[in-house]
Amino acid sequence: PIPGRAYGALRITDAPRDAHVFADGYYVGIVDDFDGVFQHLNLEAGPHRIEVRLPGDIDAIGFDVIIQPGRTITYRADW
């Protein structure tokens, strides 16, 4: 996080724990990093494109999200 900027968070559930997570085209980790009560992906407030993809698979679940400052959004993947 950069001081002075507004951040929120995204939690991803109901997806394979080893699936790769991309935010705005950049790899940010695996679902297991962002699926618990105290585990989430910190993102700058505003719109983002998120993709969840199994290793070696070209198909992905993708969705757009608007992150609100100081709030955590939970995305339940329909895997």
# chains A, B, ... in the order shown; residues from 1 in each chain; ligands from 1
>>> select_by_dssp(residues="chain A", states="strand (DSSP E or B)", output="number ranges by chain")
A: 7-13, 20-23, 26-30, 41-44, 46-53, 61-67, 72-76
>>> write_last_selection(atoms="N, CA, C and O atoms", output="short mmCIF file (atom, residue, chain, number, x, y, z; two decimals), in the first residue's frame")
data_model
loop_
_atom_site.label_atom_id
_atom_site.label_comp_id
_atom_site.auth_asym_id
_atom_site.auth_seq_id
_atom_site.Cartn_x
_atom_site.Cartn_y
_atom_site.Cartn_z
N TYR A 7 -7.51 2.34 0.03
CA TYR A 7 -7.48 0.92 -0.29
C TYR A 7 -8.69 0.20 0.28
O TYR A 7 -9.27 0.61 1.27
N GLY A 8 -9.04 -0.88 -0.37
CA GLY A 8 -10.05 -1.81 0.11
C GLY A 8 -9.49 -3.20 -0.13
O GLY A 8 -8.30 -3.35 -0.41
N ALA A 9 -10.35 -4.21 -0.05
CA ALA A 9 -9.84 -5.56 -0.18
C ALA A 9 -10.83 -6.49 -0.85
O ALA A 9 -12.03 -6.21 -0.91
N LEU A 10 -10.31 -7.60 -1.36
CA LEU A 10 -11.11 -8.63 -2.00
C LEU A 10 -10.75 -9.97 -1.40
O LEU A 10 -9.57 -10.29 -1.24
N ARG A 11 -11.77 -10.74 -1.03
CA ARG A 11 -11.58 -12.11 -0.54
C ARG A 11 -12.21 -13.02 -1.59
O ARG A 11 -13.29 -12.74 -2.11
N ILE A 12 -11.54 -14.12 -1.92
CA ILE A 12 -12.03 -15.07 -2.92
C ILE A 12 -12.29 -16.41 -2.25
O ILE A 12 -11.40 -16.97 -1.62
N THR A 13 -13.52 -16.91 -2.37
CA THR A 13 -13.87 -18.20 -1.78
C THR A 13 -14.46 -19.13 -2.84
O THR A 13 -14.82 -18.69 -3.93
N HIS A 20 -4.44 -19.77 -9.61
CA HIS A 20 -3.70 -18.51 -9.68
C HIS A 20 -4.67 -17.33 -9.77
O HIS A 20 -5.68 -17.40 -10.45
N VAL A 21 -4.32 -16.23 -9.11
CA VAL A 21 -5.14 -15.03 -9.11
C VAL A 21 -4.36 -13.91 -9.80
O VAL A 21 -3.19 -13.68 -9.50
N PHE A 22 -5.05 -13.22 -10.72
CA PHE A 22 -4.47 -12.10 -11.44
C PHE A 22 -5.35 -10.88 -11.19
O PHE A 22 -6.58 -10.96 -11.24
N ALA A 23 -4.73 -9.74 -10.93
CA ALA A 23 -5.45 -8.47 -10.77
C ALA A 23 -4.94 -7.51 -11.83
O ALA A 23 -3.72 -7.24 -11.90
N TYR A 26 -1.92 -8.76 -13.71
CA TYR A 26 -0.70 -9.10 -12.98
C TYR A 26 -0.98 -10.24 -12.00
O TYR A 26 -1.95 -10.20 -11.25
N TYR A 27 -0.05 -11.21 -11.97
CA TYR A 27 -0.16 -12.32 -11.02
C TYR A 27 0.03 -11.77 -9.62
O TYR A 27 1.01 -11.05 -9.34
N VAL A 28 -0.90 -12.11 -8.69
CA VAL A 28 -0.82 -11.61 -7.31
C VAL A 28 -0.73 -12.71 -6.27
O VAL A 28 -0.54 -12.43 -5.09
N GLY A 29 -0.91 -13.99 -6.67
CA GLY A 29 -0.83 -15.09 -5.72
C GLY A 29 -1.81 -16.19 -6.08
O GLY A 29 -2.33 -16.25 -7.19
N ILE A 30 -2.08 -17.05 -5.10
CA ILE A 30 -3.03 -18.14 -5.28
C ILE A 30 -4.25 -17.90 -4.40
O ILE A 30 -4.20 -17.12 -3.44
N LEU A 41 -6.93 -9.74 -0.59
CA LEU A 41 -6.09 -9.04 -1.54
C LEU A 41 -6.35 -7.55 -1.39
O LEU A 41 -7.45 -7.08 -1.63
N ASN A 42 -5.34 -6.80 -0.95
CA ASN A 42 -5.47 -5.35 -0.84
C ASN A 42 -5.35 -4.74 -2.22
O ASN A 42 -4.41 -5.04 -2.96
N LEU A 43 -6.30 -3.90 -2.56
CA LEU A 43 -6.31 -3.22 -3.86
C LEU A 43 -6.64 -1.75 -3.66
O LEU A 43 -7.41 -1.41 -2.77
N GLU A 44 -6.08 -0.92 -4.51
CA GLU A 44 -6.41 0.49 -4.48
C GLU A 44 -7.89 0.65 -4.83
O GLU A 44 -8.43 -0.10 -5.66
N GLY A 46 -11.31 1.58 -6.46
CA GLY A 46 -11.63 1.81 -7.86
C GLY A 46 -11.89 0.50 -8.59
O GLY A 46 -11.95 -0.57 -7.98
N PRO A 47 -12.03 0.56 -9.91
CA PRO A 47 -12.35 -0.64 -10.69
C PRO A 47 -11.12 -1.51 -10.95
O PRO A 47 -10.02 -1.00 -11.15
N HIS A 48 -11.35 -2.82 -10.94
CA HIS A 48 -10.29 -3.79 -11.22
C HIS A 48 -10.86 -4.97 -11.96
O HIS A 48 -12.04 -5.31 -11.80
N ARG A 49 -10.03 -5.63 -12.75
CA ARG A 49 -10.38 -6.88 -13.44
C ARG A 49 -9.62 -8.00 -12.74
O ARG A 49 -8.39 -7.96 -12.62
N ILE A 50 -10.35 -9.00 -12.26
CA ILE A 50 -9.76 -10.13 -11.55
C ILE A 50 -9.98 -11.39 -12.38
O ILE A 50 -11.06 -11.61 -12.92
N GLU A 51 -8.94 -12.23 -12.46
CA GLU A 51 -9.06 -13.54 -13.11
C GLU A 51 -8.51 -14.60 -12.18
O GLU A 51 -7.52 -14.38 -11.49
N VAL A 52 -9.19 -15.75 -12.17
CA VAL A 52 -8.78 -16.91 -11.37
C VAL A 52 -8.62 -18.06 -12.35
O VAL A 52 -9.54 -18.38 -13.09
N ARG A 53 -7.44 -18.69 -12.33
CA ARG A 53 -7.13 -19.71 -13.32
C ARG A 53 -6.30 -20.83 -12.69
O ARG A 53 -5.37 -20.56 -11.93
N ILE A 61 -11.86 -17.89 -14.74
CA ILE A 61 -13.05 -17.18 -14.29
C ILE A 61 -12.60 -15.73 -14.17
O ILE A 61 -11.61 -15.43 -13.50
N GLY A 62 -13.30 -14.84 -14.82
CA GLY A 62 -12.95 -13.44 -14.76
C GLY A 62 -14.13 -12.60 -14.33
O GLY A 62 -15.28 -12.93 -14.64
N PHE A 63 -13.86 -11.55 -13.59
CA PHE A 63 -14.93 -10.66 -13.16
C PHE A 63 -14.37 -9.27 -12.89
O PHE A 63 -13.18 -9.10 -12.63
N ASP A 64 -15.24 -8.30 -13.02
CA ASP A 64 -14.89 -6.92 -12.71
C ASP A 64 -15.42 -6.59 -11.32
O ASP A 64 -16.49 -7.05 -10.92
N VAL A 65 -14.65 -5.81 -10.59
CA VAL A 65 -15.03 -5.44 -9.23
C VAL A 65 -14.67 -3.99 -9.00
O VAL A 65 -13.68 -3.49 -9.54
N ILE A 66 -15.49 -3.31 -8.23
CA ILE A 66 -15.17 -1.94 -7.81
C ILE A 66 -14.87 -1.99 -6.32
O ILE A 66 -15.74 -2.30 -5.51
N ILE A 67 -13.62 -1.73 -6.00
CA ILE A 67 -13.17 -1.78 -4.61
C ILE A 67 -13.50 -0.45 -3.94
O ILE A 67 -13.21 0.62 -4.48
N THR A 72 -14.12 -4.74 2.55
CA THR A 72 -13.69 -6.01 1.96
C THR A 72 -14.89 -6.63 1.24
O THR A 72 -15.95 -6.80 1.83
N ILE A 73 -14.68 -6.97 -0.02
CA ILE A 73 -15.71 -7.62 -0.83
C ILE A 73 -15.35 -9.10 -0.91
O ILE A 73 -14.19 -9.46 -1.13
N THR A 74 -16.34 -9.98 -0.75
CA THR A 74 -16.11 -11.42 -0.89
C THR A 74 -16.70 -11.88 -2.21
O THR A 74 -17.87 -11.65 -2.48
N TYR A 75 -15.86 -12.50 -3.04
CA TYR A 75 -16.31 -13.07 -4.30
C TYR A 75 -16.39 -14.58 -4.11
O TYR A 75 -15.40 -15.23 -3.76
N ARG A 76 -17.56 -15.15 -4.35
CA ARG A 76 -17.75 -16.60 -4.27
C ARG A 76 -17.72 -17.16 -5.67
O ARG A 76 -18.67 -16.96 -6.45
#
>>> residues_around(residues="A:Ala15", least_positions_apart="3", cutoff="9 Å", atoms="only C-alpha atoms", output="list in words")
Ile12, Asp18, Ala19, Val31, Asp32, Asp35, Val52, Arg76, Ala77, Asp78 and Trp79 of chain A
>>> write_last_selection(atoms="N, CA, C and O atoms", output="PDB file, in the first residue's frame")
ATOM      1  N   ILE A  12     -11.539 -14.124  -1.917  1.00  0.00           N
ATOM      2  CA  ILE A  12     -12.033 -15.073  -2.924  1.00  0.00           C
ATOM      3  C   ILE A  12     -12.291 -16.408  -2.246  1.00  0.00           C
ATOM      4  O   ILE A  12     -11.399 -16.972  -1.615  1.00  0.00           O
ATOM      5  N   ASP A  18      -5.340 -23.805  -5.083  1.00  0.00           N
ATOM      6  CA  ASP A  18      -4.078 -23.604  -5.804  1.00  0.00           C
ATOM      7  C   ASP A  18      -4.251 -22.817  -7.100  1.00  0.00           C
ATOM      8  O   ASP A  18      -3.302 -22.617  -7.845  1.00  0.00           O
ATOM      9  N   ALA A  19      -5.460 -22.326  -7.367  1.00  0.00           N
ATOM     10  CA  ALA A  19      -5.702 -21.537  -8.579  1.00  0.00           C
ATOM     11  C   ALA A  19      -4.962 -20.205  -8.487  1.00  0.00           C
ATOM     12  O   ALA A  19      -4.857 -19.605  -7.418  1.00  0.00           O
ATOM     13  N   VAL A  31      -5.331 -18.563  -4.724  1.00  0.00           N
ATOM     14  CA  VAL A  31      -6.582 -18.389  -3.977  1.00  0.00           C
ATOM     15  C   VAL A  31      -6.358 -18.600  -2.485  1.00  0.00           C
ATOM     16  O   VAL A  31      -6.918 -17.875  -1.659  1.00  0.00           O
ATOM     17  N   ASP A  32      -5.534 -19.562  -2.106  1.00  0.00           N
ATOM     18  CA  ASP A  32      -5.290 -19.852  -0.695  1.00  0.00           C
ATOM     19  C   ASP A  32      -4.752 -18.628   0.061  1.00  0.00           C
ATOM     20  O   ASP A  32      -4.936 -18.511   1.267  1.00  0.00           O
ATOM     21  N   ASP A  35      -8.361 -16.333   0.851  1.00  0.00           N
ATOM     22  CA  ASP A  35      -9.652 -16.985   1.092  1.00  0.00           C
ATOM     23  C   ASP A  35     -10.074 -17.113   2.544  1.00  0.00           C
ATOM     24  O   ASP A  35     -11.100 -17.692   2.847  1.00  0.00           O
ATOM     25  N   VAL A  52      -9.192 -15.750 -12.166  1.00  0.00           N
ATOM     26  CA  VAL A  52      -8.781 -16.908 -11.370  1.00  0.00           C
ATOM     27  C   VAL A  52      -8.620 -18.062 -12.348  1.00  0.00           C
ATOM     28  O   VAL A  52      -9.538 -18.385 -13.095  1.00  0.00           O
ATOM     29  N   ARG A  76     -17.559 -15.153  -4.349  1.00  0.00           N
ATOM     30  CA  ARG A  76     -17.752 -16.599  -4.274  1.00  0.00           C
ATOM     31  C   ARG A  76     -17.724 -17.156  -5.672  1.00  0.00           C
ATOM     32  O   ARG A  76     -18.668 -16.956  -6.446  1.00  0.00           O
ATOM     33  N   ALA A  77     -16.643 -17.833  -6.004  1.00  0.00           N
ATOM     34  CA  ALA A  77     -16.459 -18.372  -7.357  1.00  0.00           C
ATOM     35  C   ALA A  77     -17.441 -19.500  -7.621  1.00  0.00           C
ATOM     36  O   ALA A  77     -17.713 -20.322  -6.748  1.00  0.00           O
ATOM     37  N   ASP A  78     -17.977 -19.540  -8.797  1.00  0.00           N
ATOM     38  CA  ASP A  78     -18.885 -20.604  -9.214  1.00  0.00           C
ATOM     39  C   ASP A  78     -18.061 -21.620  -9.999  1.00  0.00           C
ATOM     40  O   ASP A  78     -18.125 -21.671 -11.211  1.00  0.00           O
ATOM     41  N   TRP A  79     -17.241 -22.368  -9.279  1.00  0.00           N
ATOM     42  CA  TRP A  79     -16.276 -23.258  -9.922  1.00  0.00           C
ATOM     43  C   TRP A  79     -16.924 -24.564 -10.279  1.00  0.00           C
ATOM     44  O   TRP A  79     -17.411 -25.323  -9.637  1.00  0.00           O
TER      45      TRP A  79
END
>>> residues_around(residues="A:Ala6", least_positions_apart="6", cutoff="8 Å", atoms="only C-alpha atoms", output="PyMOL selection string")
chain A and resi 44-45+69-70
>>> write_last_selection(atoms="C-alpha atoms", output="compact mmCIF listing (two decimals), in the first residue's frame")
# COMPACT_ATOMS: atom_id res chain seq x y z
CA GLU A 44 -6.41 0.49 -4.48
CA ALA A 45 -9.98 1.81 -4.45
CA PRO A 69 -12.14 2.31 0.50
CA GLY A 70 -11.94 0.49 3.82
